[in-house]
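What's in start_35.txt: compact mmCIF, C-alpha atoms
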```txt
# COMPACT_ATOMS: atom_id res chain seq x y z
CA MET A 761 0.83 -4.83 -14.27
CA SER A 762 -2.33 -5.65 -12.39
CA TYR A 763 -3.11 -8.78 -10.45
CA GLN A 764 -4.68 -10.26 -13.57
CA ASP A 765 -1.30 -10.31 -15.24
CA ALA A 766 0.45 -11.80 -12.24
CA THR A 767 1.90 -15.26 -12.57
CA GLU A 768 2.13 -15.97 -8.85
CA THR A 769 1.13 -19.18 -7.19
CA SER A 770 -2.47 -19.21 -6.08
CA VAL A 771 -2.63 -18.65 -2.35
CA SER A 772 -5.17 -17.48 0.12
CA PHE A 773 -5.21 -15.38 3.25
CA GLY A 774 -7.53 -14.47 6.00
CA GLN A 775 -9.15 -17.74 7.04
CA PRO A 776 -7.67 -20.87 8.54
CA PRO A 777 -7.42 -23.32 6.91
CA PRO A 778 -6.89 -22.07 3.35
CA ARG A 779 -9.81 -23.11 1.21
CA GLU A 780 -9.91 -23.64 -2.53
CA ASP A 781 -12.64 -21.07 -3.09
CA MET A 782 -10.59 -18.42 -1.33
CA GLN A 783 -7.57 -18.88 -3.49
CA GLN A 784 -6.71 -15.86 -5.48
CA GLN A 785 -3.96 -14.39 -7.57
CA TRP A 786 -1.62 -11.90 -6.07
CA ARG A 787 1.21 -9.63 -7.08
CA LEU A 788 4.11 -8.84 -4.80
CA ILE A 789 4.51 -5.06 -4.62
CA THR A 790 7.31 -4.22 -2.21
CA GLN A 791 8.42 -3.96 1.40
CA LEU A 792 7.07 -0.89 3.20
CA HIS A 793 9.28 0.74 5.82
CA ARG A 794 11.30 -2.47 5.98
CA SER A 795 8.47 -3.95 8.04
CA TYR A 796 5.39 -4.74 5.98
CA ILE A 797 5.06 -6.59 2.70
CA LEU A 798 2.55 -5.12 0.28
CA ILE A 799 0.51 -7.41 -1.97
CA GLU A 800 -1.98 -6.50 -4.67
CA ASN A 801 -4.80 -9.05 -4.73
CA GLU A 802 -8.28 -9.20 -6.19
CA LYS A 803 -9.80 -7.73 -3.04
CA GLY A 804 -7.49 -4.72 -2.97
CA LEU A 805 -4.29 -4.20 -0.99
CA LEU A 806 -3.00 -6.80 1.45
CA LEU A 807 -0.41 -5.84 4.07
CA ILE A 808 1.68 -8.49 5.78
CA ASP A 809 3.61 -8.00 9.04
CA GLN A 810 6.92 -9.60 8.11
CA HIS A 811 7.87 -10.52 11.66
CA ALA A 812 4.49 -11.97 12.66
CA ALA A 813 4.28 -13.90 9.38
CA HIS A 814 7.76 -15.39 9.74
CA GLU A 815 7.10 -16.30 13.37
CA ARG A 816 3.99 -18.23 12.32
CA ILE A 817 5.88 -20.03 9.54
CA ASN A 818 8.77 -20.96 11.85
CA TYR A 819 6.46 -22.19 14.56
CA GLU A 820 4.45 -24.46 12.31
CA ARG A 821 7.52 -25.87 10.59
CA ILE A 822 9.31 -26.79 13.82
CA ALA A 823 6.13 -28.04 15.52
CA GLU A 824 5.36 -30.23 12.52
CA GLN A 825 8.83 -31.76 12.52
CA MET A 826 8.48 -32.54 16.21
CA ASP A 827 4.95 -33.91 15.99
CA GLY A 828 5.98 -36.10 13.07
CA ASN A 829 8.94 -37.31 15.13
CA ASP A 830 11.18 -35.99 12.40
CA ALA A 831 14.50 -34.69 13.62
CA VAL A 832 14.31 -30.91 13.90
CA GLN A 833 16.56 -29.48 11.23
CA LYS A 834 19.75 -28.26 12.82
CA GLN A 835 23.04 -26.69 11.83
CA LEU A 836 26.27 -28.08 13.28
CA LEU A 837 28.77 -25.42 14.20
CA ALA A 838 32.17 -25.90 12.59
CA VAL A 839 33.69 -24.62 15.81
CA PRO A 840 31.49 -25.27 18.87
CA GLN A 841 30.77 -22.05 20.72
CA THR A 842 31.00 -21.58 24.49
CA ILE A 843 28.68 -19.35 26.46
CA GLU A 844 29.15 -18.19 30.05
CA LEU A 845 25.91 -18.36 32.02
CA SER A 846 24.91 -16.95 35.35
CA LEU A 847 24.21 -19.46 38.14
CA LYS A 848 20.47 -18.92 37.73
CA GLU A 849 20.73 -19.49 33.96
CA LYS A 850 22.82 -22.59 34.50
CA ASN A 851 20.22 -24.04 36.86
CA LEU A 852 17.46 -23.34 34.40
CA LEU A 853 19.39 -24.97 31.59
CA THR A 854 20.19 -27.98 33.75
CA ALA A 855 16.48 -28.45 34.41
CA HIS A 856 15.47 -28.01 30.79
CA LEU A 857 18.40 -29.38 28.79
CA PRO A 858 16.35 -32.21 27.17
CA HIS A 859 13.79 -29.68 25.97
CA PHE A 860 16.50 -27.61 24.32
CA ASN A 861 17.88 -30.64 22.56
CA ASP A 862 14.32 -31.50 21.58
CA ILE A 863 13.90 -28.33 19.56
CA GLY A 864 17.17 -28.62 17.65
CA PHE A 865 19.96 -27.56 19.97
CA GLU A 866 22.95 -29.70 20.93
CA LEU A 867 24.17 -28.29 24.22
CA GLU A 868 26.42 -29.72 26.89
CA PHE A 869 28.01 -28.44 30.09
CA PHE A 870 31.69 -27.75 29.97
CA GLY A 871 32.65 -27.16 33.61
CA GLY A 872 31.68 -24.22 35.81
CA ASN A 873 28.85 -22.17 34.30
CA THR A 874 30.04 -22.70 30.76
CA VAL A 875 27.82 -24.34 28.19
CA LEU A 876 29.08 -25.66 24.88
CA VAL A 877 26.88 -25.23 21.81
CA ARG A 878 27.54 -27.87 19.16
CA ALA A 879 24.44 -27.35 17.05
CA LEU A 880 21.39 -25.12 16.87
CA PRO A 881 18.09 -25.05 15.00
CA LEU A 882 18.60 -24.33 11.30
CA SER A 883 16.67 -21.08 11.22
CA LEU A 884 18.68 -19.30 13.90
CA ARG A 885 21.42 -16.77 13.34
CA THR A 886 24.64 -17.87 14.98
CA SER A 887 25.81 -14.29 15.43
CA GLU A 888 23.25 -13.72 18.17
CA LEU A 889 23.71 -17.07 19.89
CA PRO A 890 24.59 -16.05 23.46
CA ALA A 891 21.78 -13.49 23.63
CA LEU A 892 19.38 -16.01 22.14
CA ILE A 893 20.16 -18.75 24.66
CA ARG A 894 19.82 -16.26 27.49
CA ASN A 895 16.49 -15.04 26.13
CA LEU A 896 15.15 -18.57 25.82
CA LEU A 897 16.23 -19.30 29.41
CA ASN A 898 14.62 -16.07 30.52
CA ASP A 899 11.34 -17.13 28.91
CA LEU A 900 11.53 -20.29 31.06
CA SER A 901 12.36 -18.49 34.30
CA GLY A 902 8.75 -18.83 35.46
CA GLU A 903 9.13 -22.61 35.48
CA SER A 904 10.45 -24.08 38.74
CA ALA A 905 13.41 -26.42 38.53
CA GLU A 906 11.71 -28.72 41.07
CA CYS A 907 10.75 -32.27 40.13
CA GLU A 908 7.04 -32.85 39.69
CA ASN A 909 5.13 -35.16 42.02
CA THR A 910 3.07 -37.05 39.46
CA THR A 911 3.49 -38.23 35.89
CA ASP A 912 0.59 -36.03 34.80
CA GLU A 913 2.17 -32.97 36.36
CA LEU A 914 5.44 -33.79 34.65
CA LYS A 915 3.73 -34.28 31.28
CA GLU A 916 1.87 -31.01 31.70
CA LYS A 917 5.04 -29.19 32.60
CA THR A 918 6.98 -30.72 29.72
CA LYS A 919 4.25 -29.68 27.31
CA ARG A 920 4.25 -26.13 28.70
CA VAL A 921 8.02 -25.75 28.58
CA ARG A 922 8.15 -27.13 25.09
CA ARG A 923 5.50 -24.67 23.93
CA THR A 924 7.28 -21.75 25.59
CA LEU A 925 10.53 -22.73 23.92
CA LEU A 926 8.86 -23.25 20.56
CA TYR A 927 7.14 -19.88 20.69
CA ALA A 928 10.34 -18.17 21.72
CA LEU A 929 12.31 -19.98 19.06
CA ALA A 930 9.78 -19.12 16.35
CA CYS A 931 9.88 -15.48 17.41
CA ARG A 932 13.61 -15.14 17.82
CA SER A 933 14.44 -16.81 14.55
CA ALA A 934 12.02 -14.62 12.59
CA VAL A 935 13.03 -11.62 10.51
CA MET A 936 12.61 -8.43 12.46
CA PHE A 937 11.02 -5.10 11.68
CA GLY A 938 13.72 -3.13 9.88
CA ASP A 939 15.27 -6.17 8.18
CA VAL A 940 15.63 -5.58 4.46
CA LEU A 941 14.26 -8.53 2.48
CA SER A 942 15.08 -9.28 -1.14
CA GLU A 943 12.19 -9.62 -3.56
CA GLU A 944 12.75 -13.37 -3.49
CA GLU A 945 12.64 -13.45 0.32
CA GLN A 946 9.45 -11.39 0.36
CA ARG A 947 7.84 -13.73 -2.16
CA ALA A 948 8.93 -16.82 -0.22
CA LEU A 949 7.56 -15.39 3.01
CA VAL A 950 4.16 -14.73 1.44
CA SER A 951 4.02 -18.18 -0.19
CA GLU A 952 5.07 -19.95 3.00
CA LEU A 953 2.59 -18.00 5.10
CA ALA A 954 -0.26 -18.99 2.82
CA LYS A 955 0.62 -22.65 3.34
CA THR A 956 0.50 -22.50 7.15
CA LYS A 957 -2.48 -24.05 8.89
CA ASN A 958 -3.27 -20.89 10.78
CA ASN A 959 -2.13 -17.93 8.74
CA GLN A 960 -4.27 -15.39 10.52
CA SER A 961 -2.04 -14.72 13.49
CA CYS A 962 1.42 -15.14 14.92
CA VAL A 963 1.92 -17.40 17.96
CA HIS A 964 1.25 -14.42 20.22
CA GLY A 965 -2.13 -13.86 18.60
CA ARG A 966 -1.24 -10.76 16.60
CA PRO A 967 -2.54 -10.59 13.01
CA THR A 968 -0.13 -11.60 10.25
CA SER A 969 -2.01 -9.75 7.53
CA TYR A 970 -4.45 -6.88 7.07
CA GLN A 971 -6.68 -6.58 4.02
CA ILE A 972 -7.61 -3.15 2.68
CA SER A 973 -10.56 -3.79 0.38
CA LEU A 974 -11.45 -1.92 -2.79
CA ASP A 975 -14.52 -0.83 -0.86
CA ASP A 976 -12.35 0.67 1.91
CA LEU A 977 -10.42 2.58 -0.73
CA ALA A 978 -13.61 3.81 -2.38
CA LYS A 979 -14.85 5.08 0.99
CA TRP A 980 -11.59 6.81 1.90
CA PHE A 981 -11.70 8.63 -1.43
CA LYS A 982 -15.42 9.35 -1.14
CA ARG A 983 -16.20 7.36 -4.24
CA LYS A 984 -19.00 5.66 -2.28
CA MET B 816 15.07 0.69 -0.42
CA SER B 817 13.39 2.82 2.21
CA TYR B 818 12.35 6.42 1.95
CA GLN B 819 15.70 7.42 3.40
CA ASP B 820 17.42 6.11 0.29
CA ALA B 821 15.01 7.79 -2.06
CA THR B 822 16.33 10.56 -4.25
CA GLU B 823 12.94 12.03 -5.10
CA THR B 824 12.13 15.69 -5.16
CA SER B 825 10.94 16.97 -1.81
CA VAL B 826 7.21 17.46 -1.92
CA SER B 827 4.43 17.73 0.57
CA PHE B 828 0.85 16.56 0.83
CA GLY B 829 -2.14 17.04 2.98
CA GLN B 830 -2.27 20.79 3.58
CA PRO B 831 -2.84 23.65 1.20
CA PRO B 832 -0.60 25.44 0.47
CA PRO B 833 2.52 23.25 0.67
CA ARG B 834 4.76 24.50 3.46
CA GLU B 835 8.49 24.09 3.86
CA ASP B 836 8.14 22.29 7.20
CA MET B 837 5.82 19.73 5.65
CA GLN B 838 8.17 18.75 2.89
CA GLN B 839 9.28 15.20 3.09
CA GLN B 840 11.01 12.58 1.05
CA TRP B 841 8.98 10.01 -0.76
CA ARG B 842 9.46 6.87 -2.79
CA LEU B 843 7.17 5.94 -5.63
CA ILE B 844 6.00 2.36 -5.09
CA THR B 845 3.55 1.43 -7.83
CA GLN B 846 0.05 1.79 -9.22
CA LEU B 847 -2.56 -0.27 -7.34
CA HIS B 848 -5.45 -1.71 -9.32
CA ARG B 849 -4.66 0.76 -12.09
CA SER B 850 -6.38 3.40 -9.95
CA TYR B 851 -4.29 4.45 -6.98
CA ILE B 852 -0.64 5.45 -6.78
CA LEU B 853 1.21 4.16 -3.72
CA ILE B 854 3.91 6.27 -2.09
CA GLU B 855 6.18 5.42 0.81
CA ASN B 856 6.82 8.53 2.89
CA GLU B 857 8.14 9.23 6.36
CA LYS B 858 4.67 9.05 7.85
CA GLY B 859 3.86 5.64 6.39
CA LEU B 860 1.95 4.80 3.21
CA LEU B 861 0.33 7.48 1.08
CA LEU B 862 -2.35 6.54 -1.44
CA ILE B 863 -3.22 8.88 -4.30
CA ASP B 864 -6.42 8.71 -6.37
CA GLN B 865 -4.98 9.09 -9.86
CA HIS B 866 -8.12 10.57 -11.38
CA ALA B 867 -8.82 13.07 -8.59
CA ALA B 868 -5.16 14.12 -8.53
CA HIS B 869 -4.99 14.67 -12.28
CA GLU B 870 -8.27 16.58 -12.25
CA ARG B 871 -6.85 18.97 -9.63
CA ILE B 872 -3.63 19.45 -11.60
CA ASN B 873 -5.51 20.13 -14.86
CA TYR B 874 -7.88 22.55 -13.20
CA GLU B 875 -5.18 24.65 -11.61
CA ARG B 876 -3.05 24.72 -14.74
CA ILE B 877 -5.87 25.92 -17.01
CA ALA B 878 -7.29 28.33 -14.43
CA GLU B 879 -3.85 29.84 -13.94
CA GLN B 880 -3.34 30.36 -17.65
CA MET B 881 -6.70 32.09 -17.89
CA ASP B 882 -6.24 34.24 -14.81
CA GLY B 883 -2.84 35.33 -16.02
CA ASN B 884 -4.39 36.15 -19.39
CA ASP B 885 -2.03 33.68 -20.97
CA ALA B 886 -3.43 31.88 -23.95
CA VAL B 887 -4.69 28.48 -22.88
CA GLN B 888 -2.39 25.92 -24.43
CA LYS B 889 -4.14 24.30 -27.36
CA GLN B 890 -3.45 21.75 -30.04
CA LEU B 891 -4.37 22.58 -33.63
CA LEU B 892 -5.84 19.63 -35.51
CA ALA B 893 -4.03 18.82 -38.74
CA VAL B 894 -7.42 18.01 -40.22
CA PRO B 895 -10.30 19.91 -38.58
CA GLN B 896 -12.95 17.54 -37.29
CA THR B 897 -16.69 17.94 -37.79
CA ILE B 898 -19.27 16.95 -35.20
CA GLU B 899 -23.00 16.62 -35.75
CA LEU B 900 -24.99 18.11 -32.90
CA SER B 901 -28.63 17.87 -31.94
CA LEU B 902 -30.67 21.06 -32.18
CA LYS B 903 -30.54 21.44 -28.39
CA GLU B 904 -26.76 21.00 -28.37
CA LYS B 905 -26.38 23.47 -31.22
CA ASN B 906 -28.39 26.09 -29.32
CA LEU B 907 -26.31 25.56 -26.19
CA LEU B 908 -23.10 25.90 -28.16
CA THR B 909 -24.37 29.02 -29.91
CA ALA B 910 -25.02 30.59 -26.50
CA HIS B 911 -21.68 29.56 -25.04
CA LEU B 912 -19.29 29.60 -28.01
CA PRO B 913 -17.09 32.39 -26.57
CA HIS B 914 -16.66 30.41 -23.35
CA PHE B 915 -15.53 27.35 -25.25
CA ASN B 916 -12.97 29.40 -27.17
CA ASP B 917 -11.94 30.91 -23.83
CA ILE B 918 -10.82 27.56 -22.44
CA GLY B 919 -8.79 26.51 -25.46
CA PHE B 920 -11.20 25.34 -28.13
CA GLU B 921 -11.46 26.79 -31.64
CA LEU B 922 -14.96 25.96 -32.82
CA GLU B 923 -17.08 27.34 -35.63
CA PHE B 924 -20.41 26.50 -37.18
CA PHE B 925 -20.34 24.84 -40.57
CA GLY B 926 -23.95 24.88 -41.68
CA GLY B 927 -26.90 22.93 -40.28
CA ASN B 928 -26.09 21.43 -36.90
CA THR B 929 -22.48 20.76 -37.80
CA VAL B 930 -19.67 22.27 -35.79
CA LEU B 931 -16.08 22.36 -36.98
CA VAL B 932 -13.31 21.80 -34.41
CA ARG B 933 -10.05 23.44 -35.44
CA ALA B 934 -8.25 23.25 -32.09
CA LEU B 935 -8.79 21.94 -28.58
CA PRO B 936 -7.09 22.29 -25.17
CA LEU B 937 -3.72 20.57 -25.13
CA SER B 938 -4.57 18.03 -22.47
CA LEU B 939 -7.55 16.50 -24.24
CA ARG B 940 -7.56 13.28 -26.22
CA THR B 941 -8.73 13.87 -29.77
CA SER B 942 -10.07 10.34 -30.08
CA GLU B 943 -12.96 11.12 -27.77
CA LEU B 944 -13.71 14.55 -29.16
CA PRO B 945 -17.39 14.25 -30.14
CA ALA B 946 -18.33 12.62 -26.82
CA LEU B 947 -16.32 15.24 -24.95
CA ILE B 948 -18.02 18.22 -26.65
CA ARG B 949 -21.43 16.67 -26.02
CA ASN B 950 -20.57 16.07 -22.36
CA LEU B 951 -19.39 19.64 -21.90
CA LEU B 952 -22.60 20.91 -23.49
CA ASN B 953 -24.59 18.60 -21.29
CA ASP B 954 -22.90 20.06 -18.21
CA LEU B 955 -24.14 23.49 -19.38
CA SER B 956 -27.70 22.38 -20.10
CA GLY B 957 -28.90 23.93 -16.83
CA GLU B 958 -27.92 27.36 -18.13
CA SER B 959 -30.62 29.16 -20.08
CA ALA B 960 -29.69 30.53 -23.50
CA GLU B 961 -31.62 33.74 -22.71
CA CYS B 962 -29.85 37.08 -22.53
CA GLU B 963 -29.40 38.51 -19.07
CA ASN B 964 -31.13 41.73 -18.00
CA THR B 965 -28.22 43.42 -16.23
CA THR B 966 -24.45 43.54 -16.56
CA ASP B 967 -24.09 42.00 -13.11
CA GLU B 968 -26.32 39.08 -14.06
CA LEU B 969 -24.32 38.57 -17.22
CA LYS B 970 -21.02 38.68 -15.34
CA GLU B 971 -22.33 36.20 -12.82
CA LYS B 972 -23.54 33.86 -15.52
CA THR B 973 -20.28 34.09 -17.44
CA LYS B 974 -18.35 33.25 -14.29
CA ARG B 975 -20.61 30.28 -13.56
CA VAL B 976 -20.44 28.90 -17.08
CA ARG B 977 -16.71 29.29 -17.17
CA ARG B 978 -16.32 27.42 -13.89
CA THR B 979 -18.62 24.63 -15.06
CA LEU B 980 -16.63 24.27 -18.27
CA LEU B 981 -13.31 24.40 -16.43
CA TYR B 982 -14.39 21.73 -13.94
CA ALA B 983 -15.69 19.53 -16.71
CA LEU B 984 -12.59 20.06 -18.79
CA ALA B 985 -10.30 19.24 -15.84
CA CYS B 986 -12.26 16.08 -15.16
CA ARG B 987 -12.61 14.87 -18.72
CA SER B 988 -8.98 15.43 -19.57
CA ALA B 989 -7.77 13.52 -16.50
CA VAL B 990 -6.53 9.94 -16.48
CA MET B 991 -9.28 7.55 -15.52
CA PHE B 992 -9.48 4.69 -13.06
CA GLY B 993 -8.17 1.70 -14.99
CA ASP B 994 -5.67 3.70 -17.06
CA VAL B 995 -2.22 2.12 -16.87
CA LEU B 996 0.42 4.75 -16.08
CA SER B 997 4.13 4.33 -16.68
CA GLU B 998 6.45 4.82 -13.72
CA GLU B 999 7.40 8.18 -15.20
CA GLU B 1000 3.76 9.23 -15.52
CA GLN B 1001 3.05 8.17 -11.93
CA ARG B 1002 6.04 10.16 -10.71
CA ALA B 1003 5.02 13.23 -12.73
CA LEU B 1004 1.48 13.05 -11.39
CA VAL B 1005 2.71 12.96 -7.78
CA SER B 1006 5.18 15.81 -8.34
CA GLU B 1007 2.62 17.97 -10.12
CA LEU B 1008 -0.01 17.33 -7.46
CA ALA B 1009 2.34 18.46 -4.72
CA LYS B 1010 2.84 21.76 -6.54
CA THR B 1011 -0.86 22.59 -6.79
CA LYS B 1012 -2.25 25.27 -4.48
CA ASN B 1013 -4.93 22.98 -3.14
CA ASN B 1014 -3.69 19.41 -3.28
CA GLN B 1015 -6.17 18.05 -0.78
CA SER B 1016 -9.13 17.57 -3.07
CA CYS B 1017 -10.26 17.42 -6.68
CA VAL B 1018 -12.58 20.13 -8.01
CA HIS B 1019 -15.56 18.09 -6.88
CA GLY B 1020 -14.28 18.05 -3.32
CA ARG B 1021 -13.12 14.44 -3.19
CA PRO B 1022 -9.76 13.76 -1.51
CA THR B 1023 -6.77 13.36 -3.80
CA SER B 1024 -4.70 11.47 -1.23
CA TYR B 1025 -5.10 9.32 1.87
CA GLN B 1026 -2.33 8.89 4.41
CA ILE B 1027 -1.99 5.60 6.30
CA SER B 1028 0.29 6.42 9.22
CA LEU B 1029 2.81 4.13 10.88
CA ASP B 1030 0.56 4.41 13.90
CA ASP B 1031 -2.45 3.12 11.89
CA LEU B 1032 -0.33 0.17 10.79
CA ALA B 1033 0.80 -0.54 14.35
CA LYS B 1034 -2.82 -0.54 15.49
CA TRP B 1035 -4.03 -2.81 12.68
CA PHE B 1036 -1.33 -5.30 13.59
CA LYS B 1037 -1.92 -4.91 17.32
CA ARG B 1038 1.55 -3.62 17.90
CA LYS B 1039 -0.01 -0.80 19.95
```

Please rewrite the model in this file as structure tokens.
Amino acid sequence: MSYQDATETSVSFGQPPPREDMQQQWRLITQLHRSYILIENEKGLLLIDQHAAHERINYERIAEQMDGNDAVQKQLLAVPQTIELSLKEKNLLTAHLPHFNDIGFELEFFGGNTVLVRALPLSLRTSELPALIRNLLNDLSGESAECENTTDELKEKTKRVRRTLLYALACRSAVMFGDVLSEEEQRALVSELAKTKNNQSCVHGRPTSYQISLDDLAKWFKRK
Amino acid sequence: MSYQDATETSVSFGQPPPREDMQQQWRLITQLHRSYILIENEKGLLLIDQHAAHERINYERIAEQMDGNDAVQKQLLAVPQTIELSLKEKNLLTAHLPHFNDIGFELEFFGGNTVLVRALPLSLRTSELPALIRNLLNDLSGESAECENTTDELKEKTKRVRRTLLYALACRSAVMFGDVLSEEEQRALVSELAKTKNNQSCVHGRPTSYQISLDDLAKWFKRK
């Protein structure tokens, strides 16, 4: 089957925002080395970095919910989970608790350095919860716990912390290199990526896709 | 499924002749744009030019049969086919008839400019027979029909003509860009290519395969 026979949704890659004239048919090929998704499109062969792509999708979804003042989609834990923090981690969490609840967590202190997790953002894996919370706190360790002197400083800091948390959340809830994805998951990832406002790069600026053109192929094989 | 799960035959690519220490597992992925065969191997992604690969396989098979003085495998036509030649083509064929029979044809003149085809090399498609014969003759049109003065000159000419015909035959009996190959055909092509003495290039010197390494991928996606 070539791309002409494909019955996929029309999507586009390579330029933000997606434009009508760039839309093209594509055929899902497979996952390569459990890390890249291969797509046959009119231009040639498109490779997608599954982690970078998922990070971009997660980021835009959560940011959109927050900008639209929609509640961030969360999952309530049937049994709330407790996590023991270090003193430094506890202080960081104390300073930033509202920001955590902002992005879909429901956390509360439970005495000592223990924090109780009642809910977490929908996309996260509960199995890695303690490590995840610690990682998010670690990403914030550059932020002082001091109060800001002016409203502007506070706003600026809030914005910065929120972005740090969002980036970290988008990254840590994304599929990793080595994760096996079903055909359906691969297809969903590609479709979702195409719908993002900026599908060129992940939140850290790395490319989400790489196009090998028919011209590249012709050159590699000395057909040109 | 990753290459680790693959149950393919061990084969190697990239160096003639195949060496034990280069053997590696591979997984057949698919045909890309009806022209390239994609393989997942330990190194990353291997692309194979289906025409160049088949040309190489055909060439080595026929050359081996001839060198070993085995009869070149041929197919007898149930109904011999006649082809009308131009005077120039007829003269070329007259001069080179033994060479054609050498590589698996059974041709004889039938009066006027008509040639009768009783058999042809096994790999050829009978549907394109007249065009094929004309193309082979065309490839020989640089050779004069004159007799040579010395035995050495004759030997040299015979060798040259034979090589020209073999190259042309290998090329014209190979799958083309755009030919749809079944999964089984793709697999056979890859396996056969790996067994050839020189699997790096087709008889015209173009590469048969192109390896994209995991390192290339990491660089494209700015992971390095």

In the coordinates of the file, take the point (8.4, -15.1, 14.8) and a cut-off of 6 Å; then, counting only C-alpha atoms, name each qualifying protein, DNA or RNA residue as a list in words.
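The answer, in the requested form, is His811, Ala812, His814, Glu815, Arg816, Ala930, Cys931 and Ala934 of chain A.
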
Residues from last step as file, C-alpha atoms, as a short mmCIF file (atom, residue, chain, number, x, y, z; two decimals), in the coordinates of the input:
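out.cif written:
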```cif
data_model
loop_
_atom_site.label_atom_id
_atom_site.label_comp_id
_atom_site.auth_asym_id
_atom_site.auth_seq_id
_atom_site.Cartn_x
_atom_site.Cartn_y
_atom_site.Cartn_z
CA HIS A 811 7.87 -10.52 11.66
CA ALA A 812 4.49 -11.97 12.66
CA HIS A 814 7.76 -15.39 9.74
CA GLU A 815 7.10 -16.30 13.37
CA ARG A 816 3.99 -18.23 12.32
CA ALA A 930 9.78 -19.12 16.35
CA CYS A 931 9.88 -15.48 17.41
CA ALA A 934 12.02 -14.62 12.59
#
```

Compile the contact shell of Lys979 (chain A) as an mmCIF file with C-alpha atoms, in the frame of the given file: residues with an atom at most 12 Å away, counting only C-alpha atoms, same-chain residues fewer than 3 positions apart removed.
```cif
data_model
loop_
_atom_site.group_PDB
_atom_site.id
_atom_site.type_symbol
_atom_site.label_atom_id
_atom_site.label_comp_id
_atom_site.auth_asym_id
_atom_site.auth_seq_id
_atom_site.Cartn_x
_atom_site.Cartn_y
_atom_site.Cartn_z
ATOM 1 C CA ILE A 972 -7.610 -3.150 2.680
ATOM 2 C CA SER A 973 -10.560 -3.790 0.380
ATOM 3 C CA LEU A 974 -11.450 -1.920 -2.790
ATOM 4 C CA ASP A 975 -14.520 -0.830 -0.860
ATOM 5 C CA ASP A 976 -12.350 0.670 1.910
ATOM 6 C CA LYS A 982 -15.420 9.350 -1.140
ATOM 7 C CA ARG A 983 -16.200 7.360 -4.240
ATOM 8 C CA LYS A 984 -19.000 5.660 -2.280
ATOM 9 C CA ASP B 864 -6.420 8.710 -6.370
ATOM 10 C CA ARG B 1021 -13.120 14.440 -3.190
ATOM 11 C CA PRO B 1022 -9.760 13.760 -1.510
ATOM 12 C CA TYR B 1025 -5.100 9.320 1.870
#
```

Extract, using all atoms listed in the file, all DNA, RNA and protein residues at most 12 Å from region 887-891 of chain B, discarding same-chain residues fewer than 2 positions from it, and format them as JSON, numbers by chain.
{"B": [873, 874, 875, 876, 877, 878, 879, 880, 881, 882, 883, 884, 885, 893, 894, 895, 896, 915, 916, 917, 918, 919, 920, 921, 922, 932, 933, 934, 935, 936, 937, 938, 939, 940, 941, 981]}

Based on all atoms listed in the file, which of the residues in chain B come within 8 Å of chain A? I want them as a VMD selection string.
chain B and resid 816 to 818 844 to 845 847 to 849 855 859 to 860 864 1021 to 1025 1035 to 1038

Option closest in space to Thr918 (chain A), from A:Ala855, A:Leu847, A:Cys962, A:Ala891 [counting all atoms listed in the file]
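Looking at the shortest contact to Thr918 (chain A), the residue is A:Ala855.
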
Between B:Val1018, B:Leu907, B:Leu947, B:Ile852, single out the one closest to Arg978 (chain B), counting all atoms listed in the file.
B:Val1018
